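Chemist: Sharing work.cif here; it has mmCIF, C-alpha atoms.
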data_my_file
#
loop_
_atom_site.label_atom_id
_atom_site.label_comp_id
_atom_site.auth_asym_id
_atom_site.auth_seq_id
_atom_site.Cartn_x
_atom_site.Cartn_y
_atom_site.Cartn_z
CA MET U 1 -22.52 88.74 26.21
CA LYS U 2 -24.11 88.56 22.77
CA MET U 3 -22.02 87.39 19.85
CA ASN U 4 -22.97 87.86 16.24
CA HIS U 5 -22.04 85.51 13.40
CA THR U 6 -19.06 87.64 12.40
CA SER U 7 -17.60 87.50 15.93
CA ILE U 8 -18.03 83.73 16.08
CA ALA U 9 -16.50 83.35 12.62
CA ASN U 10 -13.51 85.48 13.65
CA ILE U 11 -12.96 83.36 16.75
CA LEU U 12 -13.16 80.16 14.70
CA VAL U 13 -10.66 81.53 12.19
CA ILE U 14 -8.21 82.39 14.99
CA ILE U 15 -8.57 78.94 16.53
CA ALA U 16 -8.30 77.22 13.18
CA GLY U 17 -5.26 79.29 12.20
CA ALA U 18 -3.49 78.40 15.43
CA LEU U 19 -4.39 74.72 15.01
CA LEU U 20 -3.21 74.74 11.41
CA VAL U 21 0.11 76.32 12.37
CA LEU U 22 0.57 73.82 15.20
CA ALA U 23 -0.36 70.92 12.96
CA ARG U 24 2.18 71.89 10.35
CA LEU U 25 4.98 72.77 12.77
CA VAL U 26 4.56 70.06 15.38
CA ASP U 27 3.61 67.17 13.13
CA PRO U 28 2.19 67.76 9.64
CA THR U 29 0.42 64.39 9.83
CA SER U 30 -1.10 64.85 13.28
CA ALA U 31 -4.46 63.13 12.93
CA THR U 32 -6.03 64.82 15.98
CA LEU U 33 -5.14 68.37 14.97
CA ASN U 34 -6.03 67.81 11.31
CA LYS U 35 -9.38 66.29 12.37
CA ARG U 36 -10.13 69.36 14.54
CA ILE U 37 -9.25 71.70 11.68
CA SER U 38 -11.56 69.73 9.37
CA GLU U 39 -14.35 69.92 11.97
CA LEU U 40 -14.06 73.69 11.77
CA GLY U 41 -14.65 73.44 8.03
CA LEU U 42 -11.22 74.63 6.93
CA ASP U 43 -9.12 73.28 4.10
CA THR U 44 -5.89 71.87 5.57
CA SER U 45 -4.08 71.79 2.26
CA ASN U 46 -1.98 74.76 1.22
CA PRO U 47 -1.12 74.32 -2.46
CA THR U 48 0.66 77.66 -2.76
CA ILE U 49 3.20 76.98 -0.03
CA SER U 50 6.49 76.29 -1.69
CA SER U 51 9.98 76.11 -0.34
CA THR U 52 13.42 77.43 -1.12
CA PRO U 53 16.72 75.61 -0.53
CA THR U 54 18.62 76.58 2.63
CA THR U 55 21.69 77.81 0.76
CA GLN U 56 21.62 81.52 1.63
CA GLY U 57 20.62 84.09 4.22
CA GLU U 58 21.30 85.01 7.82
CA ARG U 59 19.71 83.04 10.68
CA PHE U 60 18.18 84.68 13.75
CA VAL U 61 15.69 83.90 16.51
CA VAL U 62 12.47 85.91 16.52
CA GLU U 63 12.15 87.70 19.87
CA ARG U 64 8.59 88.94 19.33
CA VAL U 65 5.96 89.88 16.77
CA ILE U 66 4.80 93.50 16.50
CA ASP U 67 1.93 92.93 14.06
CA GLY U 68 1.10 90.76 11.06
CA ASP U 69 4.04 91.98 8.97
CA THR U 70 6.68 93.22 11.45
CA ILE U 71 8.89 91.26 13.86
CA ILE U 72 11.77 91.95 16.25
CA LEU U 73 14.79 89.67 16.31
CA GLU U 74 16.84 88.57 19.31
CA ASN U 75 19.38 91.31 18.45
CA GLU U 76 16.55 93.95 18.70
CA GLU U 77 16.54 94.54 14.94
CA LYS U 78 13.07 95.27 13.48
CA ILE U 79 12.16 93.38 10.30
CA ARG U 80 9.38 94.42 7.92
CA LEU U 81 8.28 91.51 5.72
CA ILE U 82 8.56 92.37 2.02
CA GLY U 83 5.77 91.84 -0.49
CA ILE U 84 2.88 91.72 1.96
CA ASP U 85 0.64 94.03 3.94
CA ALA U 86 -1.17 92.82 7.04
CA PRO U 87 -4.13 94.63 8.60
CA GLU U 88 -3.14 97.25 11.18
CA LEU U 89 -3.59 96.65 14.90
CA HIS U 90 -4.01 100.30 15.78
CA LYS U 91 -7.11 102.31 15.14
CA THR U 92 -7.24 104.36 11.97
CA LYS U 93 -10.05 106.81 11.40
CA GLY U 94 -11.58 105.80 14.74
CA ARG U 95 -11.74 102.05 14.17
CA SER U 96 -9.46 99.03 14.18
CA SER U 97 -8.58 97.26 10.96
CA CYS U 98 -10.47 94.06 10.30
CA PHE U 99 -8.38 90.95 11.06
CA GLY U 100 -5.42 92.89 12.53
CA ALA U 101 -5.33 90.98 15.82
CA GLU U 102 -5.86 87.66 14.05
CA SER U 103 -3.02 88.38 11.63
CA LYS U 104 -0.65 89.12 14.50
CA THR U 105 -1.72 85.93 16.31
CA ILE U 106 -1.09 83.81 13.23
CA LEU U 107 2.40 85.27 12.67
CA THR U 108 3.19 84.93 16.39
CA GLU U 109 2.24 81.23 16.40
CA LEU U 110 4.27 80.69 13.27
CA VAL U 111 7.61 82.39 14.12
CA GLU U 112 7.93 83.73 17.68
CA GLY U 113 10.82 82.07 19.50
CA LYS U 114 11.87 80.20 16.38
CA THR U 115 14.95 80.46 14.20
CA ILE U 116 14.30 82.07 10.84
CA THR U 117 16.46 82.76 7.81
CA LEU U 118 16.42 86.27 6.34
CA MET U 119 16.77 87.06 2.65
CA ARG U 120 17.29 90.57 1.33
CA ASP U 121 15.96 91.84 -1.99
CA LYS U 122 17.20 95.19 -3.40
CA THR U 123 16.43 97.64 -0.57
CA ASN U 124 18.06 97.18 2.83
CA ARG U 125 15.88 99.44 5.05
CA ASP U 126 12.60 101.31 4.82
CA ARG U 127 12.09 104.96 5.79
CA TYR U 128 11.41 103.89 9.40
CA GLY U 129 14.79 102.13 9.71
CA ARG U 130 13.38 98.60 9.62
CA LEU U 131 15.24 95.91 7.68
CA LEU U 132 13.22 94.77 4.65
CA ARG U 133 13.37 91.00 4.29
CA TYR U 134 11.74 87.82 3.14
CA ILE U 135 11.75 85.39 6.03
CA PHE U 136 12.02 81.63 5.82
CA LEU U 137 11.14 79.03 8.44
CA GLU U 138 12.43 75.47 8.62
CA ASP U 139 9.63 73.09 7.70
CA GLY U 140 11.19 69.86 8.95
CA SER U 141 12.84 68.93 5.69
CA ASP U 142 15.92 70.25 3.94
CA GLU U 143 13.95 73.26 2.74
CA LEU U 144 12.50 76.46 4.16
CA THR U 145 8.97 77.84 3.89
CA LEU U 146 8.63 81.44 2.69
CA VAL U 147 6.64 82.97 5.57
CA ASN U 148 5.66 86.06 3.56
CA GLU U 149 3.94 83.79 1.03
CA TRP U 150 2.43 81.56 3.73
CA LEU U 151 0.77 84.52 5.46
CA VAL U 152 -0.88 85.60 2.21
CA ALA U 153 -1.94 82.03 1.35
CA SER U 154 -3.61 81.67 4.77
CA GLY U 155 -5.46 84.99 4.44
CA ALA U 156 -3.52 86.68 7.26
CA ALA U 157 -2.09 89.32 4.88
CA VAL U 158 -2.48 90.58 1.33
CA ALA U 159 0.06 90.73 -1.47
CA SER U 160 1.57 94.19 -1.81
CA SER U 161 4.36 94.96 -4.25
CA TYR U 162 7.07 97.38 -3.14
CA PRO U 163 9.38 98.05 -6.12
CA PRO U 164 12.25 97.52 -6.52
CA ASP U 165 11.87 94.63 -4.02
CA THR U 166 9.87 92.32 -6.26
CA SER U 167 11.82 89.05 -6.58
CA GLN U 168 9.06 87.03 -4.85
CA ASP U 169 6.04 89.00 -6.12
CA GLU U 170 4.83 86.25 -8.45
CA ARG U 171 4.81 83.60 -5.69
CA ILE U 172 3.04 85.92 -3.28
CA SER U 173 0.50 87.00 -5.90
CA ILE U 174 -0.37 83.37 -6.68
CA ALA U 175 -0.82 82.76 -2.94
CA GLN U 176 -3.31 85.64 -2.77
CA THR U 177 -5.32 84.32 -5.72
CA THR U 178 -5.60 80.98 -3.94
CA ALA U 179 -6.55 82.59 -0.60
CA GLN U 180 -9.26 84.65 -2.30
CA SER U 181 -10.68 81.63 -4.15
CA GLN U 182 -10.76 79.64 -0.88
CA ASN U 183 -12.21 82.60 1.04
CA ALA U 184 -9.41 82.22 3.59
CA GLY U 185 -8.83 84.41 6.64
CA LEU U 186 -9.49 88.07 6.02
CA TRP U 187 -11.17 87.31 2.68
CA ALA U 188 -14.00 85.60 4.58
CA ASN U 189 -14.18 88.05 7.46
CA CYS U 190 -13.58 91.54 6.10
CA ASP U 191 -15.02 93.81 3.44
CA ASN U 192 -12.23 93.90 0.88
#
How does the structure come out when it is put into structure tokens?
Modeler:
Amino acid sequence: MKMNHTSIANILVIIAGALLVLARLVDPTSATLNKRISELGLDTSNPTISSTPTTQGERFVVERVIDGDTIILENEEKIRLIGIDAPELHKTKGRSSCFGAESKTILTELVEGKTITLMRDKTNRDRYGRLLRYIFLEDGSDELTLVNEWLVASGAAVASSYPPDTSQDERISIAQTTAQSQNAGLWANCDN
């Protein structure tokens, strides 16, 4: 089987993304995982990742991930992440979206089987009946990481404003600027 440079780069990005997620969730100071990520030539710092105090929101376990911006909770409720747009998994116009599978893998590694906190903005549901939410993940301290922002900062999704649900747009937009400048994820692998 022949592999071109783009295929190899995509595989490395998937591996690096999974290692980065594991390094941050298992032990943010894990020398072995951080060394492996560095060997792949990726920046292990994430300056745009910020946290929000754990004072509000409903907590649920993520049952499974549908794609890079949609999850299903343990109670079977579908959640569409606000403020982002991940590449599609399904073919459109005869071809798959660039980085769709990678985006799903990254979100799966980050949240599947874990307890998240949901935060609503203005709109409760979209036209497909999905709950519209920002989702937060415990990061090992007294704070939560905004997953919507993290996905954009890692290049697994792009910032996409959906008025009137715009309370986190500035944070997510800054994350995208950083991802673009670092050529992270889809910015390095897709024609944007």
Chemist: Find, counting all atoms listed in the file, the residue in U:Ser167, U:Ser154, U:Gln182, U:Ser103 that gets nearest to Asp67 (chain U).
Modeler: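 For Asp67 (chain U), the nearest of the candidates is U:Ser103.
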Chemist: Which residue, U:Thr108, U:Thr117, U:Ser160, U:Thr123, has the smallest gap to Ile84 (chain U) when you use all atoms listed in the file?
Modeler: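 Closest to Ile84 (chain U), using all atoms listed in the file: U:Ser160.
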Chemist: Rounded to one decimal, what separation in Å do you get between CA of Ala175 (chain U) and CA of Asp85 (chain U)?
Modeler: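 A separation of 13.3 Å between them.
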Chemist: Would you kindly return, as a PyMOL selection string, each protein, DNA or RNA residue with an atom no farther than 12 Å from any atom of Ile66 (chain U), considering all atoms listed in the file and excluding same-chain residues fewer than 2 positions away?
Modeler: chain U and resi 62-64+68-73+76-81+86-90+100-101+103-108+111-112
Chemist: Can you list, as a list of chain:residue names, every protein, DNA or RNA residue that comes within 8 Å of Ile82 (chain U) when you count all atoms listed in the file, leaving out same-chain residues fewer than 6 positions away?
Modeler: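 The contact residues come out as U:Leu132, U:Arg133, U:Tyr134, U:Asn148, U:Ser161, U:Tyr162, U:Asp165.
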Chemist: Counting all atoms listed in the file, which residue out of U:Asp121, U:Asp191, U:Asp139, U:Asp126 sits closest to Gln168 (chain U)?
Modeler: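 Result for the nearest residue to Gln168 (chain U): U:Asp121.
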Chemist: Taking all atoms of region 156-164 of chain U that the file lists, what box with edges along x, y and z, padded by 6 Å per side, do you get, with centre and edge lengths in Å to one decimal, as AutoDock Vina command-line options?
Modeler:
--center_x 4.4 --center_y 92.4 --center_z 0.4 --size_x 27.8 --size_y 23.4 --size_z 25.8
Chemist: I'd like to see the residues matched by the PyMOL selection byres ((chain U and resi 147) around 8) on this file, and ideally I'd get them as a ChimeraX atom specification.
Modeler: /U:134-137,145-146,148-151
Chemist: What does the distance between CA of Leu186 (chain U) and CA of Arg171 (chain U) come to in Å, to one decimal place?
Modeler: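 One can read the CA of Leu186 (chain U) to CA of Arg171 (chain U) distance as 19.0 Å.
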Chemist: What separation in Å, quoted to one decimal, exists between CA of Ile116 (chain U) and CA of Trp187 (chain U)?
Modeler: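 Interatomic distance, CA of Ile116 (chain U) to CA of Trp187 (chain U): 27.3 Å.
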Chemist: List every protein, DNA or RNA residue that has at least one atom no more than 8 Å from (17.9, 86.0, 9.8) in the file's coordinates, counting all atoms listed in the file, and write the result as a list in words.
Modeler: Gly57, Glu58, Arg59, Phe60, Val61, Thr115, Ile116, Thr117, Leu118, Met119 and Ile135 of chain U
Chemist: Once the PyMOL selection byres ((chain U and resi 176) around 7) has been applied to the shown file, what residues remain in the selection, as JSON, numbers by chain?
Modeler: {"U": [152, 153, 158, 159, 172, 173, 174, 175, 177, 178, 179, 180]}
